[in-house]
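Colleague: So that you have it, the file is start04.cif, and it contains mmCIF, C-alpha atoms:
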```
data_data
loop_
_atom_site.label_atom_id
_atom_site.label_comp_id
_atom_site.auth_asym_id
_atom_site.auth_seq_id
_atom_site.Cartn_x
_atom_site.Cartn_y
_atom_site.Cartn_z
CA MET A 1 150.52 -38.94 36.72
CA TYR A 2 147.12 -40.54 37.39
CA THR A 3 145.00 -39.26 40.26
CA GLU A 4 141.62 -39.99 41.81
CA ALA A 5 140.29 -36.84 40.15
CA SER A 6 141.45 -37.95 36.70
CA LEU A 7 140.31 -41.60 36.87
CA ALA A 8 137.24 -41.68 39.12
CA ARG A 9 133.90 -40.17 38.10
CA VAL A 10 130.99 -40.95 40.39
CA ALA A 11 127.74 -42.07 38.76
CA LYS A 12 124.42 -43.47 39.99
CA ARG A 13 123.61 -47.15 39.69
CA GLU A 14 120.05 -47.80 38.58
CA ASN A 15 117.87 -49.67 41.09
CA ASN A 16 120.76 -51.06 43.11
CA ASN A 17 120.42 -50.64 46.87
CA LYS A 18 123.53 -52.70 47.65
CA ARG A 19 125.78 -49.99 46.27
CA LYS A 20 124.11 -46.86 44.93
CA TYR A 21 127.13 -45.43 43.16
CA LEU A 22 129.37 -46.62 40.34
CA VAL A 23 132.85 -45.34 39.59
CA VAL A 24 133.24 -44.56 35.88
CA ASN A 25 136.81 -44.30 34.62
CA PRO A 26 136.86 -41.94 31.61
CA LEU A 27 140.08 -43.46 30.23
CA GLN A 28 139.09 -47.11 30.41
CA GLY A 29 137.34 -47.46 27.07
CA LYS A 30 134.20 -49.01 28.54
CA HIS A 31 131.43 -46.47 29.14
CA VAL A 32 133.01 -43.20 27.95
CA PRO A 33 134.42 -42.88 24.40
CA VAL A 34 138.19 -42.43 24.58
CA GLY A 35 141.21 -42.72 22.34
CA GLY A 36 142.66 -46.20 22.28
CA ALA A 37 146.18 -45.01 23.09
CA ALA A 38 144.99 -43.26 26.25
CA ALA A 39 143.41 -46.46 27.55
CA LEU A 40 146.44 -48.60 26.71
CA SER A 41 148.84 -46.12 28.32
CA MET A 42 146.88 -46.37 31.57
CA PHE A 43 146.82 -50.17 31.42
CA ASP A 44 150.56 -50.20 30.70
CA ALA A 45 151.22 -48.05 33.77
CA LEU A 46 149.57 -50.76 35.88
CA ALA A 47 151.54 -53.44 34.01
CA ALA A 48 154.75 -51.63 34.94
CA ARG A 49 153.85 -51.89 38.64
CA VAL A 50 153.19 -55.60 38.31
CA ARG A 51 156.45 -56.10 36.42
CA ALA A 52 158.35 -54.27 39.15
CA ALA A 53 156.78 -56.51 41.81
CA TYR A 54 157.51 -59.74 39.93
CA PRO A 55 160.53 -59.11 37.68
CA GLY A 56 161.74 -61.80 35.32
CA GLN A 57 164.57 -62.78 37.63
CA SER A 58 162.08 -63.68 40.36
CA GLY A 59 161.25 -66.82 38.42
CA GLU A 60 157.56 -66.70 39.28
CA ARG A 61 155.24 -68.17 36.69
CA LEU A 62 152.16 -65.95 36.52
CA LEU A 63 148.54 -66.45 35.49
CA LEU A 64 146.54 -63.24 35.11
CA VAL A 65 142.75 -63.40 35.48
CA GLY A 66 140.71 -60.44 34.22
CA PHE A 67 137.29 -59.83 35.74
CA ALA A 68 134.22 -59.59 33.53
CA GLU A 69 132.79 -57.34 32.39
CA THR A 70 134.79 -54.18 32.75
CA ALA A 71 138.30 -55.47 33.51
CA THR A 72 138.71 -57.97 30.67
CA ALA A 73 140.65 -55.50 28.54
CA ILE A 74 142.87 -54.47 31.45
CA GLY A 75 143.77 -58.06 32.21
CA ALA A 76 144.37 -58.86 28.55
CA ARG A 77 146.66 -55.88 28.11
CA LEU A 78 148.69 -56.77 31.19
CA ALA A 79 149.09 -60.34 29.93
CA VAL A 80 150.06 -59.11 26.45
CA THR A 81 152.60 -56.67 27.89
CA LEU A 82 154.06 -59.03 30.49
CA GLY A 83 153.92 -62.18 28.36
CA THR A 84 152.00 -64.22 30.92
CA LEU A 85 149.23 -66.77 30.75
CA TYR A 86 145.77 -65.23 30.71
CA MET A 87 142.10 -66.04 31.14
CA GLN A 88 139.06 -64.07 32.20
CA THR A 89 136.01 -64.70 34.30
CA THR A 90 132.78 -64.73 32.34
CA ARG A 91 129.02 -64.64 32.50
CA GLU A 92 128.71 -66.31 29.10
CA VAL A 93 128.21 -70.03 28.46
CA LEU A 94 131.22 -72.04 27.30
CA GLU A 95 130.57 -75.27 25.43
CA ASN A 96 131.75 -78.46 27.13
CA ALA A 97 133.30 -76.64 30.08
CA GLY A 98 133.02 -76.92 33.84
CA TYR A 99 133.13 -73.85 36.05
CA LEU A 100 134.22 -72.45 39.36
CA PHE A 101 131.21 -70.34 40.38
CA PHE A 102 131.32 -67.32 42.67
CA THR A 103 129.33 -64.13 43.14
CA GLU A 104 129.91 -60.40 42.89
CA SER A 105 127.26 -59.33 45.35
CA HIS A 106 127.18 -55.58 44.63
CA SER A 107 126.88 -56.04 40.86
CA HIS A 108 123.78 -55.80 38.68
CA ALA A 109 124.69 -59.30 37.40
CA THR A 110 125.99 -61.19 40.41
CA GLU A 111 127.08 -64.52 38.89
CA GLN A 112 130.72 -64.89 37.94
CA LYS A 113 132.48 -68.03 36.77
CA LEU A 114 135.93 -69.19 35.79
CA CYS A 115 136.62 -72.16 33.53
CA LYS A 116 137.46 -74.98 35.96
CA ASP A 117 138.91 -77.21 33.26
CA ASP A 118 141.62 -74.69 32.49
CA VAL A 119 142.37 -73.99 36.15
CA ASP A 120 142.67 -77.77 36.64
CA GLY A 121 145.24 -77.89 33.85
CA VAL A 122 147.36 -74.96 34.95
CA ILE A 123 147.52 -75.44 38.73
CA GLY A 124 150.92 -76.90 39.47
CA ARG A 125 152.45 -75.12 36.46
CA ILE A 126 152.09 -71.61 37.88
CA ASP A 127 153.34 -69.94 41.04
CA ARG A 128 150.95 -66.99 41.35
CA ILE A 129 147.49 -65.97 40.15
CA ILE A 130 146.99 -62.22 39.77
CA PHE A 131 143.37 -61.10 39.64
CA VAL A 132 142.99 -57.95 37.54
CA GLU A 133 140.20 -55.44 38.16
CA ASP A 134 139.31 -51.91 37.20
CA GLU A 135 138.41 -51.11 40.80
CA VAL A 136 138.68 -52.98 44.09
CA THR A 137 136.50 -51.56 46.88
CA THR A 138 136.30 -54.21 49.60
CA GLY A 139 138.16 -57.13 48.07
CA ASN A 140 135.35 -59.50 49.04
CA THR A 141 134.69 -60.84 45.53
CA ILE A 142 138.31 -61.69 44.86
CA MET A 143 138.64 -63.34 48.26
CA LYS A 144 135.69 -65.59 47.36
CA ILE A 145 137.45 -67.05 44.35
CA ILE A 146 140.74 -67.32 46.27
CA ASN A 147 138.93 -69.35 48.94
CA ILE A 148 137.41 -71.61 46.28
CA ILE A 149 140.76 -72.25 44.60
CA GLU A 150 142.54 -72.93 47.89
CA SER A 151 139.82 -75.36 48.97
CA ARG A 152 139.85 -77.31 45.70
CA TYR A 153 143.53 -77.63 44.85
CA GLU A 154 146.40 -79.09 46.83
CA ALA A 155 149.20 -77.59 44.74
CA PRO A 156 150.53 -74.42 46.42
CA VAL A 157 149.82 -71.16 44.62
CA LYS A 158 150.20 -67.54 45.69
CA PHE A 159 147.76 -64.75 44.91
CA ALA A 160 147.78 -61.04 44.14
CA VAL A 161 145.37 -58.40 42.89
CA ALA A 162 146.14 -55.58 40.45
CA SER A 163 143.66 -52.79 39.75
CA LEU A 164 143.52 -49.31 38.31
CA LEU A 165 141.72 -48.04 41.42
CA ASN A 166 141.79 -49.33 44.97
CA GLY A 167 139.33 -48.17 47.60
CA MET A 168 140.01 -50.85 50.23
CA GLU A 169 139.85 -49.66 53.81
CA PRO A 170 142.74 -50.43 56.21
CA ALA A 171 140.90 -53.42 57.70
CA SER A 172 140.46 -55.00 54.26
CA LEU A 173 144.08 -54.37 53.34
CA GLU A 174 145.17 -55.95 56.61
CA ARG A 175 142.99 -59.00 55.91
CA TYR A 176 144.74 -59.39 52.54
CA ALA A 177 148.15 -58.95 54.13
CA GLN A 178 147.39 -61.64 56.70
CA ARG A 179 146.41 -64.02 53.88
CA GLY A 180 149.61 -63.18 51.99
CA VAL A 181 147.73 -61.64 49.04
CA ASP A 182 149.70 -58.83 47.41
CA VAL A 183 147.82 -55.67 46.39
CA HIS A 184 148.91 -53.45 43.48
CA TYR A 185 147.11 -50.41 42.04
CA LEU A 186 147.57 -47.12 40.23
CA VAL A 187 145.40 -44.84 42.36
CA LYS A 188 144.00 -45.02 45.89
CA THR A 189 140.38 -43.91 46.07
CA HIS A 190 138.31 -42.81 49.04
CA HIS A 191 134.70 -43.95 48.80
CA GLU A 192 133.29 -42.49 51.99
CA GLY A 193 131.48 -39.67 50.21
CA TYR A 194 130.68 -41.36 46.91
CA THR A 195 127.09 -42.28 47.78
CA ALA A 196 126.30 -38.68 48.73
CA VAL A 197 127.96 -37.43 45.54
CA ALA A 198 125.90 -39.81 43.42
CA GLU A 199 122.65 -38.88 45.13
CA GLY A 200 123.43 -35.20 44.64
CA TYR A 201 123.15 -35.42 40.86
CA ARG A 202 119.81 -34.75 39.19
CA GLU A 203 118.73 -37.54 36.89
CA GLY A 204 118.50 -36.39 33.29
CA SER A 205 116.22 -37.08 30.35
CA GLY A 206 118.74 -38.70 28.03
CA TYR A 207 117.25 -42.19 27.99
CA ILE A 208 116.78 -43.59 24.48
CA GLY A 209 114.64 -46.71 24.19
CA ARG A 210 115.48 -49.78 22.17
CA MET A 211 115.39 -49.43 18.40
CA THR A 212 113.50 -52.07 16.43
CA ALA A 213 114.21 -51.09 12.83
CA ASP A 214 115.58 -53.70 10.44
CA SER A 215 119.37 -53.58 10.22
CA ASP A 216 121.19 -53.32 6.92
CA ALA A 217 124.66 -53.10 8.49
CA ALA A 218 127.28 -55.22 6.79
CA VAL A 219 128.52 -58.13 8.92
CA THR A 220 131.89 -59.71 8.20
CA ASP A 221 132.90 -62.99 9.83
CA VAL A 222 136.60 -63.28 10.61
CA SER A 223 137.60 -66.72 11.87
CA GLU A 224 141.35 -66.46 11.34
CA GLY A 225 143.38 -66.32 14.54
CA TYR A 226 140.45 -66.18 16.95
CA ILE A 227 141.38 -66.71 20.61
CA ASN A 228 138.66 -66.92 23.24
CA THR A 229 140.10 -65.43 26.44
CA ARG A 230 137.40 -67.07 28.52
CA ARG A 231 139.71 -70.06 28.12
CA LEU A 232 143.40 -70.19 29.05
CA CYS A 233 145.70 -68.57 26.50
CA GLY A 234 149.12 -67.01 26.13
CA GLY A 235 149.22 -63.24 26.43
CA ARG A 236 151.74 -62.68 23.64
CA GLU A 237 149.84 -64.95 21.27
CA TYR A 238 146.62 -63.11 22.03
CA GLY A 239 148.31 -59.78 21.40
CA GLU A 240 149.53 -60.94 18.02
CA ALA A 241 146.07 -62.23 17.11
CA CYS A 242 144.45 -58.93 18.11
CA ASP A 243 146.99 -57.02 16.07
CA ALA A 244 146.23 -59.14 13.00
CA LEU A 245 142.52 -58.49 13.49
CA ALA A 246 143.15 -54.75 13.86
CA GLN A 247 145.19 -54.70 10.65
CA ARG A 248 142.37 -56.55 8.86
CA VAL A 249 139.77 -54.06 10.08
CA ALA A 250 141.95 -51.03 9.35
CA ALA A 251 142.26 -52.10 5.73
CA ASP A 252 138.48 -51.65 5.33
CA ILE A 253 138.27 -48.12 6.72
CA PRO A 254 136.81 -45.91 3.96
CA GLU A 255 139.27 -43.58 2.32
CA GLY A 256 138.92 -40.08 3.70
CA ALA A 257 137.37 -41.17 7.01
CA GLU A 258 138.74 -38.81 9.64
CA THR A 259 136.70 -39.88 12.68
CA VAL A 260 136.05 -43.50 13.59
CA ALA A 261 134.43 -45.25 16.55
CA VAL A 262 135.48 -48.80 17.40
CA ILE A 263 132.86 -50.40 19.62
CA GLY A 264 133.36 -53.60 21.58
CA THR A 265 130.61 -55.76 23.01
CA GLU A 266 130.21 -56.54 26.72
CA GLU A 267 133.16 -58.74 27.81
CA PHE A 268 134.84 -58.38 24.41
CA MET A 269 136.68 -55.09 24.85
CA TYR A 270 140.41 -55.42 24.24
CA PRO A 271 140.35 -55.94 20.44
CA ALA A 272 138.29 -52.75 20.06
CA ILE A 273 140.69 -50.72 22.19
CA HIS A 274 143.72 -52.12 20.35
CA THR A 275 142.14 -51.39 16.97
CA ALA A 276 141.33 -47.81 17.96
CA ALA A 277 144.94 -47.33 19.08
CA LEU A 278 146.21 -48.65 15.75
CA LEU A 279 143.95 -46.29 13.81
CA GLY A 280 145.14 -43.42 15.99
CA GLU A 281 148.74 -44.22 15.04
CA ARG A 282 147.67 -43.77 11.41
CA GLY A 283 146.35 -40.29 12.01
CA ILE A 284 142.66 -41.12 12.36
CA GLN A 285 140.68 -39.67 15.27
CA ALA A 286 139.59 -43.02 16.65
CA PHE A 287 137.54 -43.48 19.81
CA THR A 288 136.50 -46.64 21.58
CA HIS A 289 133.95 -47.82 24.13
CA SER A 290 131.77 -50.89 24.56
CA THR A 291 128.25 -52.09 25.15
CA THR A 292 127.57 -53.18 28.71
CA ARG A 293 125.11 -54.90 30.98
CA SER A 294 125.44 -52.04 33.50
CA PRO A 295 122.30 -49.87 33.84
CA ILE A 296 123.71 -46.48 34.86
CA ALA A 297 121.63 -43.35 35.41
CA VAL A 298 122.43 -40.37 33.18
CA SER A 299 122.47 -36.67 33.99
CA GLU A 300 123.17 -33.34 32.32
CA ASP A 301 124.68 -31.96 35.53
CA GLU A 302 128.18 -30.58 35.26
CA GLY A 303 130.81 -33.16 36.19
CA TYR A 304 128.56 -36.17 35.69
CA PRO A 305 130.26 -38.69 33.36
CA LEU A 306 127.33 -39.88 31.20
CA SER A 307 124.55 -37.88 29.57
CA LYS A 308 122.81 -40.32 27.18
CA ARG A 309 121.92 -43.99 27.55
CA TYR A 310 120.76 -46.17 24.69
CA GLU A 311 118.99 -49.41 25.57
CA LEU A 312 119.97 -52.40 23.44
CA ALA A 313 119.37 -56.10 23.09
CA SER A 314 122.58 -58.05 23.46
CA LEU A 315 124.38 -59.34 20.38
CA TYR A 316 124.97 -62.52 22.41
CA ASP A 317 121.39 -63.02 23.58
CA GLY A 318 118.46 -61.11 22.13
CA GLY A 319 116.59 -61.43 25.42
CA ARG A 320 119.34 -59.73 27.43
CA ARG A 321 119.05 -56.01 28.19
CA THR A 322 122.27 -54.09 27.53
CA PHE A 323 123.30 -50.46 27.02
CA ILE A 324 125.69 -48.10 25.34
CA TYR A 325 126.41 -44.54 26.44
CA ASP A 326 127.09 -41.18 24.81
CA LEU A 327 127.09 -42.11 21.14
CA ARG A 328 128.39 -39.53 18.69
CA LYS A 329 128.43 -39.09 14.92
CA TYR A 330 131.52 -40.48 13.14
CA ASP A 331 132.62 -40.93 9.55
CA CYS A 332 132.71 -44.68 10.20
CA VAL A 333 131.69 -46.99 13.06
CA ILE A 334 133.33 -50.39 13.54
CA VAL A 335 131.61 -52.90 15.81
CA LEU A 336 133.76 -55.82 17.01
CA THR A 337 132.10 -58.80 18.68
CA ASP A 338 132.83 -62.44 19.42
CA ALA A 339 129.20 -63.49 19.80
CA PRO A 340 128.98 -67.15 18.72
CA VAL A 341 125.71 -66.26 17.00
CA ILE A 342 124.74 -62.62 16.50
CA SER A 343 121.15 -62.09 17.59
CA ASP A 344 118.88 -60.26 15.17
CA GLU A 345 117.47 -58.20 18.04
CA GLY A 346 120.94 -57.17 19.14
CA LEU A 347 122.13 -56.17 15.69
CA SER A 348 118.95 -54.26 14.99
CA SER A 349 118.99 -52.33 18.26
CA LEU A 350 122.70 -51.45 18.10
CA THR A 351 122.68 -50.28 14.51
CA GLY A 352 119.42 -48.44 15.17
CA ALA A 353 121.00 -46.59 18.09
CA LEU A 354 124.06 -45.74 16.01
CA ARG A 355 121.91 -44.43 13.17
CA SER A 356 119.86 -42.33 15.57
CA ALA A 357 123.12 -40.61 16.52
CA GLY A 358 123.75 -39.78 12.86
CA ASN A 359 126.01 -42.67 11.84
CA GLU A 360 125.54 -44.03 8.34
CA ASN A 361 128.66 -46.12 7.68
CA ILE A 362 128.48 -49.05 10.12
CA GLN A 363 130.64 -52.16 9.75
CA VAL A 364 130.27 -55.17 12.05
CA TYR A 365 133.00 -57.78 12.46
CA ARG A 366 132.34 -61.06 14.23
CA TRP A 367 135.61 -62.62 15.38
CA CYS A 368 134.88 -66.18 16.29
CA GLY A 369 136.14 -69.66 15.51
CA ASN A 370 133.02 -71.45 14.36
CA GLY A 371 132.01 -69.22 11.47
CA LYS A 372 128.30 -69.31 12.38
CA ARG A 373 126.03 -66.29 12.13
CA GLN A 374 122.27 -66.07 12.44
#
```
Can you turn what I pasted into structure tokens?

Modeller:
Amino acid sequence: MYTEASLARVAKRENNNKRKYLVVNPLQGKHVPVGGAAALSMFDALAARVRAAYPGQSGERLLLVGFAETATAIGARLAVTLGTLYMQTTREVLENAGYLFFTESHSHATEQKLCKDDVDGVIGRIDRIIFVEDEVTTGNTIMKIINIIESRYEAPVKFAVASLLNGMEPASLERYAQRGVDVHYLVKTHHEGYTAVAEGYREGSGYIGRMTADSDAAVTDVSEGYINTRRLCGGREYGEACDALAQRVAADIPEGAETVAVIGTEEFMYPAIHTAALLGERGIQAFTHSTTRSPIAVSEDEGYPLSKRYELASLYDGGRRTFIYDLRKYDCVIVLTDAPVISDEGLSSLTGALRSAGNENIQVYRWCGNGKRQ
């Protein structure tokens, strides 16, 4: 049974006056290291609620849209489990693609976009779009993209939102009800005191600057089966592709390794979580989390979710500032990315951070269709 106490940890956003707190879910596999099975079990609980709302006999053809950055794995898992079409929003650049642009005003990175070409192709072939989030607070961001879609397309389509946490106030829920937008979630949260909770924590000293040492980490390119979920895909096909990747990675785990971290990168989370779950089934203590654009304050205070923050350059763009939290020492660390070109700055800073936490065996896998690496 999931509760607000078990899924919502209040943290401080860094230099963000629009919303001073951030809810960190310790089971999500994003900021806090967690076993892959624990994350998937939570996602599957949400999938069960969606399945109950739209059972197979209803005949509704569904498209699930996962929100970048933190909900891409949730959306992917729901699509894999339910066998629906899937795509995610993104902040990355897609070659030869047009976009539907909208904003997430409270975020550190406000721009969001959805591949317009794929929406063009699927409208008329689906009955409902379900937007998948980790947390919905006001519902304003999702309503922005709903308004855009309704204004651009004549074909009728219904909408819904599914999230792990929902903090919408009665007025926001009523606004959704009046628009005919269904709302599904695992846990209802109450945000009234979150700002005060966040401001009550003392900021800690666990800030580790960017590493600049040369990286000698092995990088393996895997082009077989790559599916880019920033474009429209089938959930079951994506699940099968991720499983094949996980099997490929698992075959390279050193004999005798008892503890393994599987780290995803920014929007690319689900393959890391799935791989960690597979390793857990084989008796390995496997944990997963991902790099992120989110600058979150850290604290040593009891109950605060994050104690160390490592600054990185992005694997996707060496000029982009990213982070990873609460690194530990493992027998082996697997990094999974789909960066079209891995930046030298990103690889150096990530492996440097991992080595500073005591990790010696670091393996990087780049899952991407074009086979290019810098």

Colleague: Quote the spacing between CA of Asp117 in chain A and CA of Arg293 in chain A in Å to one decimal place.

Modeller: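 If I compute the distance from CA of Asp117 in chain A to CA of Arg293 in chain A, I get 26.3 Å.
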
Colleague: May I ask which of the residues A:Ala48, A:Ala39, A:Val23, A:Met87 is the closest one to Asn166 in chain A, counting all atoms listed in the file?

Modeller: A:Val23

Colleague: Quick one: of A:His184, A:Gln57, A:Tyr99, A:Arg179, who's nearest to Ala162 in chain A, counting all atoms listed in the file?

Modeller: A:His184

Colleague: With distances taken over all atoms listed in the file, which of A:Ile227, A:Ala53, A:Val32, A:Leu245 is nearest to Tyr325 in chain A?

Modeller: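 Of A:Ile227, A:Ala53, A:Val32, A:Leu245, the one nearest Tyr325 in chain A, counting all atoms listed in the file, is A:Val32.
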
Colleague: Report, in Å to a single decimal, how far apart CA of Ile324 in chain A and CA of Arg355 in chain A are.

Modeller: 13.3 Å

Colleague: What does the distance between CA of Ala277 in chain A and CA of Ala37 in chain A come to in Å, to one decimal place?

Modeller: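 So the answer is 4.8 Å.
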
Colleague: May I have the protein, DNA and RNA residues with an atom at most 9 Å from (138.4, -57.0, 32.2), counting all atoms listed in the file in the file's coordinates, returned as a short mmCIF file (atom, residue, chain, number, x, y, z; two decimals) with C-alpha atoms, keeping the file's coordinate frame?

Modeller:
```
data_model
loop_
_atom_site.label_atom_id
_atom_site.label_comp_id
_atom_site.auth_asym_id
_atom_site.auth_seq_id
_atom_site.Cartn_x
_atom_site.Cartn_y
_atom_site.Cartn_z
CA VAL A 65 142.75 -63.40 35.48
CA GLY A 66 140.71 -60.44 34.22
CA PHE A 67 137.29 -59.83 35.74
CA ALA A 68 134.22 -59.59 33.53
CA GLU A 69 132.79 -57.34 32.39
CA THR A 70 134.79 -54.18 32.75
CA ALA A 71 138.30 -55.47 33.51
CA THR A 72 138.71 -57.97 30.67
CA ALA A 73 140.65 -55.50 28.54
CA ILE A 74 142.87 -54.47 31.45
CA GLY A 75 143.77 -58.06 32.21
CA ALA A 76 144.37 -58.86 28.55
CA GLN A 88 139.06 -64.07 32.20
CA THR A 89 136.01 -64.70 34.30
CA VAL A 132 142.99 -57.95 37.54
CA GLU A 133 140.20 -55.44 38.16
CA ASP A 134 139.31 -51.91 37.20
CA GLU A 267 133.16 -58.74 27.81
CA PHE A 268 134.84 -58.38 24.41
CA MET A 269 136.68 -55.09 24.85
CA TYR A 270 140.41 -55.42 24.24
#
```

Colleague: Using all atoms listed in the file, which of the listed residues (A:Leu312, A:Ala357, A:Leu64, A:Ile342) sits closest to Met211 in chain A?

Modeller: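 Between A:Leu312, A:Ala357, A:Leu64, A:Ile342, the residue approaching Met211 in chain A most closely is A:Leu312.
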
Colleague: Please complete range 79-90 of chain A so it has N, CA and C atoms, and hand it over as a JSON list (two decimals), in the coordinates of the input.

Modeller:
```json
[["chain", "number", "residue", "atom", "x", "y", "z"],
["A", 79, "ALA", "N", 148.54, -59.06, 30.37],
["A", 79, "ALA", "CA", 149.09, -60.34, 29.93],
["A", 79, "ALA", "C", 149.87, -60.19, 28.64],
["A", 80, "VAL", "N", 149.35, -59.37, 27.71],
["A", 80, "VAL", "CA", 150.06, -59.11, 26.45],
["A", 80, "VAL", "C", 151.40, -58.44, 26.73],
["A", 81, "THR", "N", 151.39, -57.45, 27.59],
["A", 81, "THR", "CA", 152.60, -56.67, 27.89],
["A", 81, "THR", "C", 153.62, -57.49, 28.66],
["A", 82, "LEU", "N", 153.16, -58.29, 29.62],
["A", 82, "LEU", "CA", 154.06, -59.03, 30.49],
["A", 82, "LEU", "C", 154.39, -60.42, 29.96],
["A", 83, "GLY", "N", 153.66, -60.86, 28.94],
["A", 83, "GLY", "CA", 153.92, -62.18, 28.36],
["A", 83, "GLY", "C", 153.55, -63.33, 29.27],
["A", 84, "THR", "N", 152.43, -63.19, 29.98],
["A", 84, "THR", "CA", 152.00, -64.22, 30.92],
["A", 84, "THR", "C", 150.84, -65.03, 30.35],
["A", 85, "LEU", "N", 150.48, -66.08, 31.05],
["A", 85, "LEU", "CA", 149.23, -66.77, 30.75],
["A", 85, "LEU", "C", 148.07, -65.87, 31.14],
["A", 86, "TYR", "N", 146.93, -66.08, 30.45],
["A", 86, "TYR", "CA", 145.77, -65.23, 30.71],
["A", 86, "TYR", "C", 144.47, -65.99, 30.52],
["A", 87, "MET", "N", 143.49, -65.66, 31.35],
["A", 87, "MET", "CA", 142.10, -66.04, 31.14],
["A", 87, "MET", "C", 141.24, -65.04, 31.88],
["A", 88, "GLN", "N", 139.97, -65.00, 31.55],
["A", 88, "GLN", "CA", 139.06, -64.07, 32.20],
["A", 88, "GLN", "C", 137.91, -64.82, 32.84],
["A", 89, "THR", "N", 137.29, -64.19, 33.82],
["A", 89, "THR", "CA", 136.01, -64.70, 34.30],
["A", 89, "THR", "C", 134.96, -64.36, 33.24],
["A", 90, "THR", "N", 133.80, -64.97, 33.36],
["A", 90, "THR", "CA", 132.78, -64.73, 32.34],
["A", 90, "THR", "C", 131.40, -64.93, 32.92]]
```
